[in-house]
>>> print(open('start-v9.txt').read())   # compact mmCIF, C-alpha atoms
# COMPACT_ATOMS: atom_id res chain seq x y z
CA MET A 8 108.20 107.39 114.50
CA ILE A 9 104.57 107.07 113.60
CA CYS A 10 102.84 103.85 112.60
CA THR A 11 105.99 102.15 111.33
CA ASN A 12 108.24 99.41 112.65
CA PRO A 13 111.75 99.83 111.19
CA ALA A 14 113.35 97.86 114.03
CA GLN A 15 112.01 94.81 112.22
CA SER A 16 111.25 95.86 108.66
CA TRP A 17 114.34 97.87 107.74
CA ILE A 18 117.18 96.36 105.82
CA ASN A 19 120.34 95.25 107.68
CA GLN A 20 118.92 95.22 111.21
CA HIS A 21 122.29 95.44 112.97
CA GLN A 22 122.97 98.78 111.30
CA CYS A 23 119.41 100.00 111.82
CA ARG A 24 119.37 99.18 115.51
CA ASP A 25 122.80 100.72 115.98
CA ILE A 26 121.46 103.99 114.56
CA LEU A 27 118.33 103.84 116.74
CA SER A 28 120.43 103.12 119.83
CA ARG A 29 122.42 106.32 119.32
CA LEU A 30 119.36 108.60 119.29
CA ASP A 31 119.13 110.94 122.26
CA PHE A 32 115.40 110.32 122.54
CA LEU A 33 113.20 108.00 120.50
CA VAL A 34 109.44 108.58 120.45
CA VAL A 35 107.14 105.99 118.88
CA GLN A 36 103.47 106.69 118.18
CA ASP A 37 101.59 103.44 117.57
CA MET A 38 98.53 101.40 118.46
CA TYR A 39 100.75 98.70 119.95
CA HIS A 40 103.53 99.01 122.51
CA THR A 41 104.70 95.50 121.57
CA THR A 42 106.32 96.34 118.22
CA GLU A 43 110.09 95.89 117.98
CA THR A 44 110.54 99.66 117.51
CA ALA A 45 108.26 100.57 120.43
CA GLN A 46 110.34 98.28 122.64
CA LEU A 47 113.37 100.48 121.90
CA ALA A 48 111.55 103.79 122.49
CA HIS A 49 112.15 106.17 125.36
CA LEU A 50 108.51 107.25 125.05
CA VAL A 51 105.53 105.51 123.48
CA LEU A 52 102.49 107.60 122.55
CA PRO A 53 99.45 105.29 122.39
CA ALA A 54 97.43 106.04 119.25
CA ALA A 55 93.80 105.35 118.46
CA GLY A 56 92.97 102.87 115.72
CA TRP A 57 90.45 102.73 112.91
CA GLY A 58 86.93 103.28 114.25
CA GLU A 59 88.31 105.05 117.32
CA LYS A 60 88.85 108.35 115.53
CA GLU A 61 87.44 110.39 112.68
CA GLY A 62 89.23 111.60 109.58
CA THR A 63 90.02 110.71 106.01
CA PHE A 64 92.27 108.21 104.25
CA ILE A 65 93.40 107.55 100.68
CA ASN A 66 93.44 103.98 99.40
CA SER A 67 95.49 102.45 96.60
CA GLU A 68 93.02 103.48 93.87
CA ARG A 69 93.44 107.15 94.89
CA ARG A 70 90.03 107.23 96.55
CA ILE A 71 89.71 109.59 99.50
CA GLY A 72 87.33 108.07 102.03
CA LEU A 73 85.78 109.09 105.31
CA ILE A 74 86.36 107.40 108.67
CA LYS A 75 83.80 107.83 111.44
CA GLN A 76 84.43 107.19 115.10
CA VAL A 77 82.26 104.37 116.43
CA ARG A 78 83.84 103.84 119.85
CA ARG A 79 86.18 105.49 122.31
CA ALA A 80 89.86 104.62 122.16
CA PRO A 81 91.01 102.45 125.10
CA GLY A 82 93.03 103.76 128.01
CA LEU A 83 95.19 106.78 127.26
CA ALA A 84 95.14 106.32 123.47
CA LEU A 85 94.40 109.44 121.43
CA SER A 86 93.85 110.13 117.76
CA ASP A 87 96.89 111.12 115.70
CA PHE A 88 95.28 114.53 115.22
CA ARG A 89 95.02 115.14 118.96
CA ILE A 90 98.55 113.88 119.62
CA PHE A 91 99.92 116.33 117.04
CA GLN A 92 98.00 119.14 118.72
CA LEU A 93 99.34 118.30 122.18
CA VAL A 94 102.93 117.92 120.96
CA ALA A 95 102.74 121.31 119.24
CA GLU A 96 101.42 122.90 122.43
CA ALA A 97 104.12 121.22 124.54
CA TRP A 98 106.81 122.52 122.19
CA GLY A 99 105.41 126.06 122.40
CA CYS A 100 104.43 126.23 118.74
CA GLY A 101 100.71 125.64 119.12
CA ASP A 102 99.95 128.99 117.45
CA MET A 103 101.38 127.64 114.20
CA PHE A 104 98.58 125.06 114.23
CA HIS A 105 95.72 127.42 115.09
CA ARG A 106 93.77 126.25 112.04
CA PHE A 107 93.95 122.63 113.24
CA SER A 108 90.63 122.92 115.04
CA SER A 109 89.29 119.54 113.92
CA PRO A 110 90.13 116.70 111.51
CA ALA A 111 87.69 118.26 109.03
CA ALA A 112 89.60 121.56 109.23
CA VAL A 113 92.87 119.75 108.56
CA PHE A 114 91.29 118.09 105.53
CA ASP A 115 90.43 121.55 104.18
CA ILE A 116 94.04 122.68 104.70
CA ILE A 117 95.40 119.66 102.82
CA LYS A 118 92.83 120.29 100.10
CA GLU A 119 94.19 123.83 99.68
CA CYS A 120 97.72 122.45 99.41
CA SER A 121 96.63 120.14 96.59
CA ALA A 122 95.52 123.01 94.33
CA GLY A 123 97.24 122.86 90.95
CA GLN A 124 98.99 119.58 91.78
CA ALA A 125 98.55 116.21 90.10
CA CYS A 126 96.47 115.13 93.10
CA ASP A 127 94.28 118.28 93.12
CA PHE A 128 91.06 117.56 95.01
CA THR A 129 89.88 121.10 95.67
CA GLY A 130 86.52 120.16 94.15
CA ILE A 131 85.60 118.00 97.16
CA ASP A 132 83.23 120.06 99.26
CA GLY A 133 84.18 118.69 102.65
CA TYR A 134 83.10 115.59 104.55
CA GLN A 135 79.50 115.77 103.30
CA ALA A 136 80.64 115.42 99.70
CA LEU A 137 82.84 112.43 100.58
CA GLU A 138 79.98 110.69 102.34
CA ALA A 139 77.47 111.42 99.58
CA ALA A 140 79.80 110.07 96.88
CA GLY A 141 81.05 107.10 98.90
CA GLY A 142 84.59 108.39 98.46
CA VAL A 143 86.19 110.46 95.70
CA GLN A 144 89.25 109.68 93.61
CA TRP A 145 91.83 112.36 93.06
CA PRO A 146 92.25 114.36 90.90
CA TRP A 147 88.95 116.18 91.45
CA PRO A 148 89.75 119.88 91.00
CA ALA A 149 87.18 122.59 91.59
CA HIS A 150 86.28 122.87 87.89
CA SER A 151 85.27 119.18 87.88
CA LEU A 152 82.12 119.88 89.87
CA ALA A 153 79.01 118.69 88.08
CA THR A 154 75.49 119.95 88.66
CA GLU A 155 74.11 119.56 92.16
CA ALA A 156 71.80 116.76 90.98
CA ASP A 157 74.45 114.45 89.61
CA GLY A 158 77.57 115.80 91.30
CA ALA A 159 77.81 113.05 93.95
CA GLU A 160 77.40 110.25 91.41
CA ALA A 161 80.02 111.76 89.11
CA ALA A 162 82.47 112.35 91.96
CA GLY A 163 82.11 108.80 93.22
CA SER A 164 82.60 107.17 89.83
CA GLU A 165 85.74 105.17 89.03
CA ARG A 166 88.26 107.06 86.92
CA ARG A 167 91.59 105.75 85.62
CA LEU A 168 94.61 108.01 85.49
CA PHE A 169 95.96 108.81 82.01
CA GLU A 170 92.96 107.22 80.32
CA ASP A 171 93.07 110.07 77.80
CA GLY A 172 96.65 109.19 76.85
CA ARG A 173 98.12 112.37 78.35
CA PHE A 174 100.69 112.23 81.13
CA LEU A 175 101.89 114.75 83.71
CA HIS A 176 104.60 116.36 81.60
CA ALA A 177 104.60 119.53 79.52
CA ASP A 178 104.42 117.56 76.27
CA GLY A 179 101.81 115.17 77.66
CA ARG A 180 103.97 112.14 76.89
CA ALA A 181 105.03 109.39 79.28
CA ARG A 182 108.67 109.01 80.29
CA PHE A 183 110.36 105.72 81.00
CA MET A 184 113.13 105.58 83.58
CA PHE A 185 115.80 103.07 82.65
CA GLU A 186 119.51 102.43 82.86
CA ASP A 187 121.95 99.73 81.90
CA PRO A 188 121.90 96.57 84.01
CA ARG A 189 124.40 96.70 86.83
CA PRO A 190 126.01 93.94 88.88
CA MET A 191 124.27 92.76 92.04
CA PRO A 192 125.35 94.95 94.97
CA GLU A 193 126.41 91.82 96.83
CA ARG A 194 127.34 88.96 94.53
CA THR A 195 127.35 85.33 95.53
CA SER A 196 130.73 83.72 96.10
CA PRO A 197 132.18 80.30 96.96
CA ARG A 198 131.83 81.26 100.64
CA TYR A 199 128.28 82.61 100.27
CA PRO A 200 126.91 80.77 97.21
CA PHE A 201 123.16 81.39 97.55
CA LEU A 202 121.03 84.43 96.74
CA LEU A 203 118.57 85.20 99.54
CA LEU A 204 115.11 86.32 98.51
CA SER A 205 112.63 87.66 101.06
CA GLY A 206 108.96 88.45 100.68
CA ARG A 207 105.48 87.54 101.81
CA GLY A 208 105.37 84.18 103.53
CA SER A 209 101.82 83.13 104.36
CA ALA A 210 98.28 84.49 104.08
CA ALA A 211 98.11 84.53 107.88
CA GLU A 212 100.88 87.12 108.24
CA TRP A 213 101.07 90.75 107.17
CA HIS A 214 104.14 92.96 107.09
CA THR A 215 105.78 92.93 110.55
CA ARG A 216 102.80 91.14 112.17
CA THR A 217 102.01 94.09 114.43
CA ARG A 218 98.34 93.13 114.30
CA THR A 219 98.20 89.67 112.77
CA ARG A 220 100.20 88.14 115.62
CA GLN A 221 97.53 89.44 118.03
CA SER A 222 95.01 87.03 116.49
CA ALA A 223 94.94 83.50 117.96
CA VAL A 224 93.38 82.16 114.74
CA LEU A 225 96.04 83.69 112.49
CA ARG A 226 98.82 82.51 114.79
CA LYS A 227 97.56 78.95 114.36
CA LEU A 228 97.55 79.33 110.57
CA ALA A 229 101.05 80.82 110.41
CA PRO A 230 104.24 78.72 110.54
CA GLU A 231 105.26 77.94 114.11
CA TYR A 232 108.96 78.39 113.29
CA LEU A 233 110.96 80.43 110.81
CA VAL A 234 111.18 78.40 107.60
CA VAL A 235 113.67 78.71 104.75
CA GLU A 236 112.65 77.41 101.33
CA VAL A 237 115.42 75.57 99.48
CA ASN A 238 115.55 73.89 96.08
CA PRO A 239 115.69 70.06 96.48
CA HIS A 240 118.78 69.82 94.22
CA ASP A 241 120.71 72.28 96.43
CA ALA A 242 119.49 70.51 99.55
CA ALA A 243 120.72 67.15 98.22
CA GLN A 244 124.13 68.60 97.44
CA LEU A 245 124.42 69.82 101.04
CA GLY A 246 122.83 66.77 102.63
CA ILE A 247 119.89 68.78 103.98
CA GLY A 248 116.68 66.86 104.60
CA PRO A 249 113.06 68.05 104.82
CA ASN A 250 112.21 69.90 108.05
CA GLU A 251 115.84 69.91 109.14
CA ARG A 252 116.97 72.84 111.27
CA ILE A 253 119.73 74.71 109.43
CA VAL A 254 121.61 77.98 109.74
CA VAL A 255 121.23 80.70 107.09
CA GLU A 256 124.21 83.04 107.31
CA SER A 257 125.29 86.23 105.56
CA GLN A 258 128.21 88.55 106.22
CA ARG A 259 125.98 90.48 108.65
CA GLY A 260 124.30 87.81 110.73
CA ARG A 261 122.88 84.33 111.01
CA VAL A 262 119.48 82.81 111.74
CA THR A 263 118.29 79.27 112.38
CA ALA A 264 115.34 78.08 110.31
CA THR A 265 113.52 74.90 109.32
CA ALA A 266 114.29 73.77 105.77
CA VAL A 267 111.34 73.35 103.40
CA LEU A 268 112.35 71.70 100.13
CA THR A 269 110.43 72.98 97.12
CA HIS A 270 110.87 73.26 93.36
CA THR A 271 109.25 76.71 93.41
CA ILE A 272 112.65 78.06 94.48
CA ALA A 273 115.27 78.10 91.73
CA PRO A 274 118.62 76.40 92.28
CA GLY A 275 121.11 78.81 93.82
CA GLN A 276 118.39 80.74 95.65
CA VAL A 277 116.71 80.47 99.05
CA PHE A 278 113.64 82.23 100.44
CA LEU A 279 112.84 83.62 103.91
CA PRO A 280 109.55 85.32 104.87
CA MET A 281 109.89 89.03 105.57
CA HIS A 282 107.42 88.81 108.49
CA ASP A 283 109.94 87.29 110.88
CA ALA A 284 112.07 89.74 112.85
CA GLN A 285 115.17 87.65 112.21
CA THR A 286 115.15 87.88 108.40
CA ASN A 287 116.57 91.39 108.13
CA ARG A 288 119.56 90.48 110.25
CA LEU A 289 120.91 89.08 107.00
CA THR A 290 119.95 91.62 104.33
CA TYR A 291 122.38 94.01 102.68
CA ALA A 292 121.73 97.76 102.74
CA ALA A 293 121.55 98.59 99.02
CA PHE A 294 119.00 100.95 97.47
CA ASP A 295 117.51 101.64 94.05
CA PRO A 296 119.07 104.84 92.65
CA GLU A 297 115.70 106.21 91.42
CA SER A 298 113.04 105.06 93.90
CA HIS A 299 115.47 104.59 96.84
CA GLN A 300 113.63 101.38 97.70
CA PRO A 301 115.71 98.93 99.78
CA ALA A 302 117.00 95.92 97.86
CA TYR A 303 115.57 93.09 99.91
CA LYS A 304 116.46 90.49 97.26
CA SER A 305 120.18 91.04 96.75
CA CYS A 306 121.90 89.31 99.62
CA ALA A 307 124.45 86.48 99.45
CA VAL A 308 124.11 83.74 102.06
CA ARG A 309 125.26 80.22 102.85
CA LEU A 310 123.43 77.27 104.40
CA VAL A 311 125.03 75.36 107.27
CA ARG A 312 123.71 72.16 108.78
CA THR A 313 123.39 72.28 112.55
CA ARG A 314 123.98 68.51 112.81
CA CYS A 315 125.91 66.01 110.71
>>> encode(input="start-v9.txt", output="C-alpha cells")
Amino acid sequence: MICTNPAQSWINQHQCRDILSRLDFLVVQDMYHTTETAQLAHLVLPAAGWGEKEGTFINSERRIGLIKQVRRAPGLALSDFRIFQLVAEAWGCGDMFHRFSSPAAVFDIIKECSAGQACDFTGIDGYQALEAAGGVQWPWPAHSLATEADGAEAAGSERRLFEDGRFLHADGRARFMFEDPRPMPERTSPRYPFLLLSGRGSAAEWHTRTRTRQSAVLRKLAPEYLVVEVNPHDAAQLGIGPNERIVVESQRGRVTATAVLTHTIAPGQVFLPMHDAQTNRLTYAAFDPESHQPAYKSCAVRLVRTRC
C-alpha cells in the first residue's frame, strides 16, 4: 500500500482490519511509520516527501507541475521512483523497467500513454516546458503547440474543460447518470434511531491526520477528545447534557465521545469527525453503484449515556 491509510479511513474498520490481518505479507510505503496501516505492516518502506525528490504531480485543476528536490530525504527514505526500481530488481523483472532511467524518463513514458486520451498531454516538451509555463493543464496534445515565442504563455494559461460545449462522447453531448431513489442501505430503527454522518471536523485536522497530528500547533487547535454533535432536542429527549461523555453505537461497534449540542445537526442525526480512528468502527460497508464510493453517511446508530 502506497501513501494511503485504509486501516483508519476505510469503511467498517472491523471488516477492513480482518482482511488486512489475513494477508500473507503486507508492505506499506509511506513517509510515516506511525500510520494505523503501517503499524499492521510486515514491512514498511520509508518514502521521501515533497522537496526530498524530483518529479511531477497533477493538481485538482488538471495542472501538471514540476517538483524539484531541495534536500536529501532523512535516514533510509527513498523516492517512490527509486523504491519501484529496487522492488522490480528484487523481483527479477528489472528489465521490464529499463526505460525507467529517471523521473523525467518516466514522465515521457506516461506522456506517450496519454496520446489520444481525454488527458492527452503529448504537447508538453519535457520538464523545461513545465518550468517555463509554470505548469500545464491537460489536455495539451502535440497539435496544441503554439509558436516558440508564445508557446510557454499559452501552455500555462488557465483553460476550462468543455468550455466549447462539447463533451467526450461521439455526439459531443453530456450524459447524466441517474437512477430512481433507493432506500438507505441501513435504515434507522427503534433500536438504532439515529443516522450517523461523518465528515471533516476541524480546520486543524486533515484526512487521517498522518501529518497534521505531527504538528504541536495543530494538535492544540484540534479537539482533545472525540466529539459527537447532537441536536439539542434529541439530547433533551435522552437526558444528555453539554460535554457529557456518551456512547455512540452501531451494529458493528461502539465509541465513547463528548456530546456537543448544536442546532446545525438536524433532529434524528448525529455527526462524528472522520479524522478520528474510532469513527469507522461504526460505519456500514455500502457503496455507490456507479462511482463505487463508500457510503460514509448511511449508518444507523444509537446514543447511550455512560452515567445516569
>>> closest_atom_pairs(input="start-v9.txt", of="segment 153-235 of chain A", to="segment 62-78 of chain A", cutoff="12 Å", atoms="only C-alpha atoms", output="JSON lines")
{"residue": "A:Ala162", "atom": "CA", "partner": "A:Arg70", "partner_atom": "CA", "distance": 10.2}
{"residue": "A:Gly163", "atom": "CA", "partner": "A:Arg70", "partner_atom": "CA", "distance": 8.7}
{"residue": "A:Ser164", "atom": "CA", "partner": "A:Arg70", "partner_atom": "CA", "distance": 10.0}
{"residue": "A:Glu165", "atom": "CA", "partner": "A:Arg70", "partner_atom": "CA", "distance": 8.9}
{"residue": "A:Arg166", "atom": "CA", "partner": "A:Glu68", "partner_atom": "CA", "distance": 9.2}
{"residue": "A:Arg167", "atom": "CA", "partner": "A:Glu68", "partner_atom": "CA", "distance": 8.7}
{"residue": "A:Leu168", "atom": "CA", "partner": "A:Arg69", "partner_atom": "CA", "distance": 9.5}
>>> atom_distance(input="start-v9.txt", atom1="atom CA of Met281 of chain A", atom2="atom CA of Lys304 of chain A")
10.7 Å
>>> residues_around(input="start-v9.txt", residues="Pro81 of chain A", least_positions_apart="4", cutoff="9 Å", atoms="all atoms listed in the file", output="list in words")
Ala55, Glu59 and Leu85 of chain A
>>> residues_around(input="start-v9.txt", residues="Ile272 of chain A", least_positions_apart="5", cutoff="8 Å", atoms="only C-alpha atoms", output="list in words")
Glu236, Val237, Asn238, Val277 and Phe278 of chain A
>>> atom_distance(input="start-v9.txt", atom1="atom CA of Val34 of chain A", atom2="atom CA of Leu52 of chain A")
7.3 Å
>>> closest_residue(input="start-v9.txt", among="A:Pro110, A:Gly142, A:Gly172, A:Pro148", to="Phe128 of chain A", atoms="all atoms listed in the file")
A:Pro148
>>> residues_around(input="start-v9.txt", residues="Arg24 of chain A", least_positions_apart="2", cutoff="12 Å", atoms="all atoms listed in the file", output="list in words")
Asn12, Pro13, Ala14, Gln15, Ser16, Trp17, Ile18, Asn19, Gln20, His21, Gln22, Ile26, Leu27, Ser28, Arg29, Leu30, Leu33, Glu43, Thr44, Gln46, Leu47, Ala48, Asn287 and Arg288 of chain A
>>> atom_distance(input="start-v9.txt", atom1="atom CA of Val35 of chain A", atom2="atom CA of Thr217 of chain A")
13.7 Å
>>> residues_around(input="start-v9.txt", residues="Arg309 of chain A", least_positions_apart="3", cutoff="9 Å", atoms="all atoms listed in the file", output="NGL selection string")
:A and (198-203 or 254-257)
>>> residues_near_point(input="start-v9.txt", point="(91.4, 119.6, 115.2)", cutoff="12 Å", atoms="only C-alpha atoms", output="list in words")
Lys60, Glu61, Gly62, Ser86, Asp87, Phe88, Arg89, Ile90, Phe91, Gln92, Leu93, Gly101, Phe104, His105, Arg106, Phe107, Ser108, Ser109, Pro110, Ala111, Ala112, Val113, Phe114, Asp115 and Ile116 of chain A
>>> closest_residue(input="start-v9.txt", among="A:Glu231, A:Asp25, A:Asp127, A:Asp171", to="His150 of chain A", atoms="all atoms listed in the file")
A:Asp127
>>> closest_residue(input="start-v9.txt", among="A:His49, A:Arg173, A:Arg312, A:Lys227", to="Glu251 of chain A", atoms="all atoms listed in the file")
A:Arg312
>>> closest_residue(input="start-v9.txt", among="A:Leu279, A:Val143, A:Leu245, A:Ile253", to="Gly206 of chain A", atoms="only C-alpha atoms")
A:Leu279
>>> axis_aligned_box(input="start-v9.txt", around="segment 221-234 of chain A", padding_each_side="6 Å", output="lines of an AutoDock Vina configuration file")
center_x = 102.3
center_y = 83.7
center_z = 112.8
size_x = 29.8
size_y = 23.5
size_z = 22.4
>>> decode(input="start-v9.txt", residues="segment 94-162 of chain A", atoms="C-alpha atoms", output="PDB file, in the first residue's frame")
ATOM      1  CA  VAL A  94      11.448  -3.683  -5.974  1.00  0.00           C
ATOM      2  CA  ALA A  95      11.480  -4.528  -9.687  1.00  0.00           C
ATOM      3  CA  GLU A  96      15.132  -5.557  -9.468  1.00  0.00           C
ATOM      4  CA  ALA A  97      14.484  -7.655  -6.348  1.00  0.00           C
ATOM      5  CA  TRP A  98      11.628  -9.443  -8.093  1.00  0.00           C
ATOM      6  CA  GLY A  99      13.826 -10.194 -11.113  1.00  0.00           C
ATOM      7  CA  CYS A 100      11.801  -8.071 -13.517  1.00  0.00           C
ATOM      8  CA  GLY A 101      14.090  -5.051 -13.666  1.00  0.00           C
ATOM      9  CA  ASP A 102      14.472  -5.460 -17.439  1.00  0.00           C
ATOM     10  CA  MET A 103      10.795  -4.603 -17.857  1.00  0.00           C
ATOM     11  CA  PHE A 104      11.589  -1.178 -16.412  1.00  0.00           C
ATOM     12  CA  HIS A 105      14.717  -0.471 -18.453  1.00  0.00           C
ATOM     13  CA  ARG A 106      13.252   2.823 -19.654  1.00  0.00           C
ATOM     14  CA  PHE A 107      12.771   3.998 -16.057  1.00  0.00           C
ATOM     15  CA  SER A 108      16.160   5.710 -16.025  1.00  0.00           C
ATOM     16  CA  SER A 109      14.970   8.861 -14.250  1.00  0.00           C
ATOM     17  CA  PRO A 110      11.739  10.569 -13.147  1.00  0.00           C
ATOM     18  CA  ALA A 111      11.919  12.672 -16.315  1.00  0.00           C
ATOM     19  CA  ALA A 112      12.069   9.486 -18.413  1.00  0.00           C
ATOM     20  CA  VAL A 113       9.022   8.115 -16.613  1.00  0.00           C
ATOM     21  CA  PHE A 114       7.178  11.359 -17.334  1.00  0.00           C
ATOM     22  CA  ASP A 115       7.891  10.850 -21.043  1.00  0.00           C
ATOM     23  CA  ILE A 116       6.518   7.296 -20.851  1.00  0.00           C
ATOM     24  CA  ILE A 117       3.308   8.483 -19.187  1.00  0.00           C
ATOM     25  CA  LYS A 118       3.073  11.235 -21.790  1.00  0.00           C
ATOM     26  CA  GLU A 119       3.171   8.599 -24.541  1.00  0.00           C
ATOM     27  CA  CYS A 120       0.406   6.656 -22.802  1.00  0.00           C
ATOM     28  CA  SER A 121      -1.793   9.767 -22.780  1.00  0.00           C
ATOM     29  CA  ALA A 122      -1.797  10.096 -26.582  1.00  0.00           C
ATOM     30  CA  GLY A 123      -5.327  10.187 -27.968  1.00  0.00           C
ATOM     31  CA  GLN A 124      -6.890  10.116 -24.499  1.00  0.00           C
ATOM     32  CA  ALA A 125      -9.010  12.793 -22.843  1.00  0.00           C
ATOM     33  CA  CYS A 126      -5.959  13.738 -20.766  1.00  0.00           C
ATOM     34  CA  ASP A 127      -3.565  13.876 -23.765  1.00  0.00           C
ATOM     35  CA  PHE A 128      -0.529  15.977 -22.847  1.00  0.00           C
ATOM     36  CA  THR A 129       1.868  14.871 -25.570  1.00  0.00           C
ATOM     37  CA  GLY A 130       2.432  18.536 -26.417  1.00  0.00           C
ATOM     38  CA  ILE A 131       4.428  19.122 -23.219  1.00  0.00           C
ATOM     39  CA  ASP A 132       8.074  19.107 -24.219  1.00  0.00           C
ATOM     40  CA  GLY A 133       9.508  17.703 -21.014  1.00  0.00           C
ATOM     41  CA  TYR A 134      10.460  19.321 -17.722  1.00  0.00           C
ATOM     42  CA  GLN A 135      11.745  22.508 -19.362  1.00  0.00           C
ATOM     43  CA  ALA A 136       8.325  23.231 -20.842  1.00  0.00           C
ATOM     44  CA  LEU A 137       6.641  22.656 -17.474  1.00  0.00           C
ATOM     45  CA  GLU A 138       9.015  25.028 -15.734  1.00  0.00           C
ATOM     46  CA  ALA A 139       8.741  27.708 -18.422  1.00  0.00           C
ATOM     47  CA  ALA A 140       4.936  27.635 -18.335  1.00  0.00           C
ATOM     48  CA  GLY A 141       4.642  27.340 -14.551  1.00  0.00           C
ATOM     49  CA  GLY A 142       2.666  24.135 -15.040  1.00  0.00           C
ATOM     50  CA  VAL A 143       0.423  22.976 -17.884  1.00  0.00           C
ATOM     51  CA  GLN A 144      -3.187  21.822 -17.739  1.00  0.00           C
ATOM     52  CA  TRP A 145      -4.186  18.718 -19.617  1.00  0.00           C
ATOM     53  CA  PRO A 146      -5.321  18.259 -22.324  1.00  0.00           C
ATOM     54  CA  TRP A 147      -2.345  19.699 -24.209  1.00  0.00           C
ATOM     55  CA  PRO A 148      -1.870  17.423 -27.232  1.00  0.00           C
ATOM     56  CA  ALA A 149       1.010  17.844 -29.644  1.00  0.00           C
ATOM     57  CA  HIS A 150      -1.048  19.864 -32.134  1.00  0.00           C
ATOM     58  CA  SER A 151      -1.730  22.477 -29.423  1.00  0.00           C
ATOM     59  CA  LEU A 152       1.830  23.777 -29.564  1.00  0.00           C
ATOM     60  CA  ALA A 153       1.961  27.480 -30.316  1.00  0.00           C
ATOM     61  CA  THR A 154       4.906  29.353 -31.785  1.00  0.00           C
ATOM     62  CA  GLU A 155       8.137  29.225 -29.822  1.00  0.00           C
ATOM     63  CA  ALA A 156       7.682  32.862 -28.764  1.00  0.00           C
ATOM     64  CA  ASP A 157       4.316  32.499 -27.091  1.00  0.00           C
ATOM     65  CA  GLY A 158       4.163  28.752 -26.527  1.00  0.00           C
ATOM     66  CA  ALA A 159       5.007  28.877 -22.798  1.00  0.00           C
ATOM     67  CA  GLU A 160       2.442  31.580 -22.077  1.00  0.00           C
ATOM     68  CA  ALA A 161      -0.274  29.718 -23.979  1.00  0.00           C
ATOM     69  CA  ALA A 162       0.552  26.397 -22.313  1.00  0.00           C
TER      70      ALA A 162
END
